Amino acid sequence: MARRKAKSFPILTEGFSVPAEKKRGKVSAVGAILPAKLAPGPPLPMNDPGVKKRTPSPSEIRLWRIAMGDVEPAEQPPAPPSIAVTIPVVERPPLAPPPLDPGLDRRTAQRLKRGQLEPEARLDLHGMTQARAHGALQGFLARSQQGGLRCVLVITGKGFRMTGQPGILRASVPRWLDESPNRSRLLGFSPAQPKDGGEGALYIMLRRLKS
């Protein structure tokens with residue numbers, strides 16, 4: 001049985017003529033006509049109203065679901081473990097207990113502590129340095145006693161905002177009250193009630209001057 005001879009394609013030469021309707025294309029080495037390269041135009045915007053959007057048909061949706069049936073969703077990375085943060089609780093040191101004096105009876109001491117004695121004068125030490133506050137306290141107590149006052153109020157401030165520790169004046173004033181010459185001027189003192197400043201103020205009961 002005779003074998004069929006393979007078709008041979010003519011080799012293109014310089015004298016090869018291209019039909020006029022195909023001159024715009026390029027001739028390949030085997031004689032195929034390649035389309036001419038077109039100049040790129042501006043891209044169509046995604047929201048161009050002239051571009052019609054086609055809804056996929058039910059058969060296309062079914063084929064898509066069949067093709068994606070074996071695809072497993074990507075595993076989500078595990079959530080980082082939660083870290084428990086423990087905030088230390090700063091205990092506020094109590095004020096020094098008010099010194100008792102034989103001249104201060106129990107009933108008066110209870111009324112002073114409960115804020116039932118109306119302060120007749122008050123001194124605000126906010127914003128003062130220790131040296132200035134110390135001098136202001138001594139002068140205030142001396143003038144109040146000389147004026148015949150019995151119950152006065154000294155405001156020191158709480159001082160827990162930044163460091164969690166009591167303010168310098170709040171810690172120093174009770175010590176100054178128990179030192180000379182202040183100690184001889186008073187019968188006792190007690191932390192104030194909230195209406196008068198709470199932990200940031202002190203009720204002070206002064207001693208009467210001997211005539």
# chains A, B, ... in the order shown; residues from 1 in each chain; ligands from 1
$ residues_around --residues "Gln138 in chain A" --least-positions-apart "2" --cutoff "9 Å" --atoms "only C-alpha atoms" --output "PyMOL selection string"
chain A and resi 133-136+140-143+176-177+181-182
$ write_last_selection --atoms "N, CA and C atoms" --output "tab-separated table (two decimals), in the first residue's frame"
chain	number	residue	atom	x	y	z
A	133	ALA	N	3.07	75.63	103.17
A	133	ALA	CA	1.91	75.03	103.83
A	133	ALA	C	2.14	74.91	105.34
A	134	HIS	N	3.35	74.56	105.72
A	134	HIS	CA	3.66	74.42	107.16
A	134	HIS	C	3.50	75.75	107.88
A	135	GLY	N	4.01	76.81	107.28
A	135	GLY	CA	3.87	78.14	107.89
A	135	GLY	C	2.43	78.61	107.89
A	136	ALA	N	1.70	78.35	106.79
A	136	ALA	CA	0.30	78.77	106.71
A	136	ALA	C	-0.54	78.05	107.76
A	140	PHE	N	-2.58	79.94	110.71
A	140	PHE	CA	-4.04	79.77	110.72
A	140	PHE	C	-4.53	79.28	112.08
A	141	LEU	N	-3.86	78.29	112.66
A	141	LEU	CA	-4.28	77.77	113.95
A	141	LEU	C	-4.10	78.81	115.06
A	142	ALA	N	-3.02	79.57	114.99
A	142	ALA	CA	-2.78	80.59	116.02
A	142	ALA	C	-3.85	81.68	115.96
A	143	ARG	N	-4.17	82.17	114.76
A	143	ARG	CA	-5.18	83.22	114.61
A	143	ARG	C	-6.57	82.72	115.02
A	176	TRP	N	2.32	67.37	111.39
A	176	TRP	CA	2.55	68.74	111.86
A	176	TRP	C	1.61	69.11	113.00
A	177	LEU	N	0.39	68.57	112.96
A	177	LEU	CA	-0.56	68.88	114.02
A	177	LEU	C	-0.13	68.30	115.36
A	181	PRO	N	4.45	74.05	117.79
A	181	PRO	CA	3.53	74.50	118.85
A	181	PRO	C	2.07	74.13	118.58
A	182	ASN	N	1.79	73.45	117.46
A	182	ASN	CA	0.40	73.17	117.11
A	182	ASN	C	-0.26	72.24	118.12
$ closest_residue --among "A:Gly167, A:Gly115, A:Gly147, A:Pro81" --to "Pro194 in chain A" --atoms "only C-alpha atoms"
A:Gly115
$ atom_distance --atom1 "CA of Val173 in chain A" --atom2 "CA of Gln110 in chain A"
21.3 Å
$ closest_residue --among "A:Ala192, A:Leu169, A:Ala109, A:Ile155" --to "Arg132 in chain A" --atoms "only C-alpha atoms"
A:Leu169
$ closest_residue --among "A:Ser59, A:Thr156, A:Gln193, A:Gln76" --to "Met128 in chain A" --atoms "only C-alpha atoms"
A:Thr156
$ atom_distance --atom1 "CA of Leu187 in chain A" --atom2 "CA of Leu123 in chain A"
18.0 Å
$ select_by_dssp --residues "range 118-179 of chain A" --states "alpha helix (DSSP H)" --output "list in words"
Gln130, Ala131, Arg132, Ala133, His134, Gly135, Ala136, Leu137, Gln138, Gly139, Phe140, Leu141, Ala142, Arg143, Ser144, Gln145, Gln146, Ile168, Leu169, Arg170, Ala171, Ser172, Val173, Pro174, Arg175, Trp176 and Leu177 of chain A
$ write_last_selection --atoms "N, CA and C atoms" --output "PDB file, in the first residue's frame"
ATOM      1  N   GLN A 130       5.634  72.470 100.686  1.00  0.00           N
ATOM      2  CA  GLN A 130       5.606  72.015 102.084  1.00  0.00           C
ATOM      3  C   GLN A 130       5.969  73.136 103.050  1.00  0.00           C
ATOM      4  N   ALA A 131       6.990  73.907 102.696  1.00  0.00           N
ATOM      5  CA  ALA A 131       7.427  74.980 103.595  1.00  0.00           C
ATOM      6  C   ALA A 131       6.327  76.028 103.756  1.00  0.00           C
ATOM      7  N   ARG A 132       5.716  76.410 102.640  1.00  0.00           N
ATOM      8  CA  ARG A 132       4.660  77.430 102.707  1.00  0.00           C
ATOM      9  C   ARG A 132       3.435  76.895 103.445  1.00  0.00           C
ATOM     10  N   ALA A 133       3.074  75.630 103.175  1.00  0.00           N
ATOM     11  CA  ALA A 133       1.912  75.033 103.834  1.00  0.00           C
ATOM     12  C   ALA A 133       2.138  74.909 105.336  1.00  0.00           C
ATOM     13  N   HIS A 134       3.349  74.562 105.723  1.00  0.00           N
ATOM     14  CA  HIS A 134       3.665  74.423 107.165  1.00  0.00           C
ATOM     15  C   HIS A 134       3.495  75.749 107.880  1.00  0.00           C
ATOM     16  N   GLY A 135       4.012  76.809 107.280  1.00  0.00           N
ATOM     17  CA  GLY A 135       3.874  78.136 107.891  1.00  0.00           C
ATOM     18  C   GLY A 135       2.429  78.614 107.887  1.00  0.00           C
ATOM     19  N   ALA A 136       1.698  78.348 106.792  1.00  0.00           N
ATOM     20  CA  ALA A 136       0.302  78.765 106.713  1.00  0.00           C
ATOM     21  C   ALA A 136      -0.545  78.051 107.757  1.00  0.00           C
ATOM     22  N   LEU A 137      -0.256  76.779 108.003  1.00  0.00           N
ATOM     23  CA  LEU A 137      -1.009  76.014 108.994  1.00  0.00           C
ATOM     24  C   LEU A 137      -0.781  76.566 110.403  1.00  0.00           C
ATOM     25  N   GLN A 138       0.448  76.846 110.733  1.00  0.00           N
ATOM     26  CA  GLN A 138       0.744  77.388 112.068  1.00  0.00           C
ATOM     27  C   GLN A 138       0.064  78.732 112.282  1.00  0.00           C
ATOM     28  N   GLY A 139       0.154  79.610 111.285  1.00  0.00           N
ATOM     29  CA  GLY A 139      -0.468  80.929 111.423  1.00  0.00           C
ATOM     30  C   GLY A 139      -1.988  80.833 111.496  1.00  0.00           C
ATOM     31  N   PHE A 140      -2.584  79.935 110.714  1.00  0.00           N
ATOM     32  CA  PHE A 140      -4.038  79.768 110.717  1.00  0.00           C
ATOM     33  C   PHE A 140      -4.535  79.277 112.076  1.00  0.00           C
ATOM     34  N   LEU A 141      -3.860  78.292 112.656  1.00  0.00           N
ATOM     35  CA  LEU A 141      -4.279  77.766 113.947  1.00  0.00           C
ATOM     36  C   LEU A 141      -4.100  78.811 115.059  1.00  0.00           C
ATOM     37  N   ALA A 142      -3.018  79.569 114.993  1.00  0.00           N
ATOM     38  CA  ALA A 142      -2.779  80.590 116.017  1.00  0.00           C
ATOM     39  C   ALA A 142      -3.847  81.675 115.959  1.00  0.00           C
ATOM     40  N   ARG A 143      -4.168  82.165 114.760  1.00  0.00           N
ATOM     41  CA  ARG A 143      -5.176  83.221 114.613  1.00  0.00           C
ATOM     42  C   ARG A 143      -6.566  82.716 115.020  1.00  0.00           C
ATOM     43  N   SER A 144      -6.872  81.454 114.619  1.00  0.00           N
ATOM     44  CA  SER A 144      -8.185  80.902 114.943  1.00  0.00           C
ATOM     45  C   SER A 144      -8.355  80.759 116.458  1.00  0.00           C
ATOM     46  N   GLN A 145      -7.308  80.291 117.138  1.00  0.00           N
ATOM     47  CA  GLN A 145      -7.401  80.143 118.596  1.00  0.00           C
ATOM     48  C   GLN A 145      -7.520  81.496 119.272  1.00  0.00           C
ATOM     49  N   GLN A 146      -6.760  82.460 118.828  1.00  0.00           N
ATOM     50  CA  GLN A 146      -6.830  83.797 119.409  1.00  0.00           C
ATOM     51  C   GLN A 146      -8.192  84.441 119.161  1.00  0.00           C
ATOM     52  N   ILE A 168       1.595  64.651  99.409  1.00  0.00           N
ATOM     53  CA  ILE A 168       2.599  65.008 100.411  1.00  0.00           C
ATOM     54  C   ILE A 168       1.957  65.762 101.567  1.00  0.00           C
ATOM     55  N   LEU A 169       1.079  66.719 101.241  1.00  0.00           N
ATOM     56  CA  LEU A 169       0.459  67.504 102.301  1.00  0.00           C
ATOM     57  C   LEU A 169      -0.516  66.660 103.111  1.00  0.00           C
ATOM     58  N   ARG A 170      -1.219  65.741 102.453  1.00  0.00           N
ATOM     59  CA  ARG A 170      -2.162  64.893 103.181  1.00  0.00           C
ATOM     60  C   ARG A 170      -1.433  64.025 104.207  1.00  0.00           C
ATOM     61  N   ALA A 171      -0.219  63.587 103.844  1.00  0.00           N
ATOM     62  CA  ALA A 171       0.560  62.769 104.776  1.00  0.00           C
ATOM     63  C   ALA A 171       1.290  63.603 105.820  1.00  0.00           C
ATOM     64  N   SER A 172       1.580  64.878 105.507  1.00  0.00           N
ATOM     65  CA  SER A 172       2.406  65.691 106.406  1.00  0.00           C
ATOM     66  C   SER A 172       1.589  66.446 107.448  1.00  0.00           C
ATOM     67  N   VAL A 173       0.392  66.906 107.071  1.00  0.00           N
ATOM     68  CA  VAL A 173      -0.387  67.751 107.985  1.00  0.00           C
ATOM     69  C   VAL A 173      -0.693  67.048 109.308  1.00  0.00           C
ATOM     70  N   PRO A 174      -1.140  65.761 109.331  1.00  0.00           N
ATOM     71  CA  PRO A 174      -1.363  65.129 110.634  1.00  0.00           C
ATOM     72  C   PRO A 174      -0.115  65.099 111.504  1.00  0.00           C
ATOM     73  N   ARG A 175       1.045  64.942 110.876  1.00  0.00           N
ATOM     74  CA  ARG A 175       2.294  64.945 111.657  1.00  0.00           C
ATOM     75  C   ARG A 175       2.583  66.334 112.195  1.00  0.00           C
ATOM     76  N   TRP A 176       2.324  67.373 111.394  1.00  0.00           N
ATOM     77  CA  TRP A 176       2.548  68.742 111.858  1.00  0.00           C
ATOM     78  C   TRP A 176       1.609  69.109 113.004  1.00  0.00           C
ATOM     79  N   LEU A 177       0.392  68.573 112.959  1.00  0.00           N
ATOM     80  CA  LEU A 177      -0.565  68.884 114.022  1.00  0.00           C
ATOM     81  C   LEU A 177      -0.131  68.302 115.359  1.00  0.00           C
TER      82      LEU A 177
END
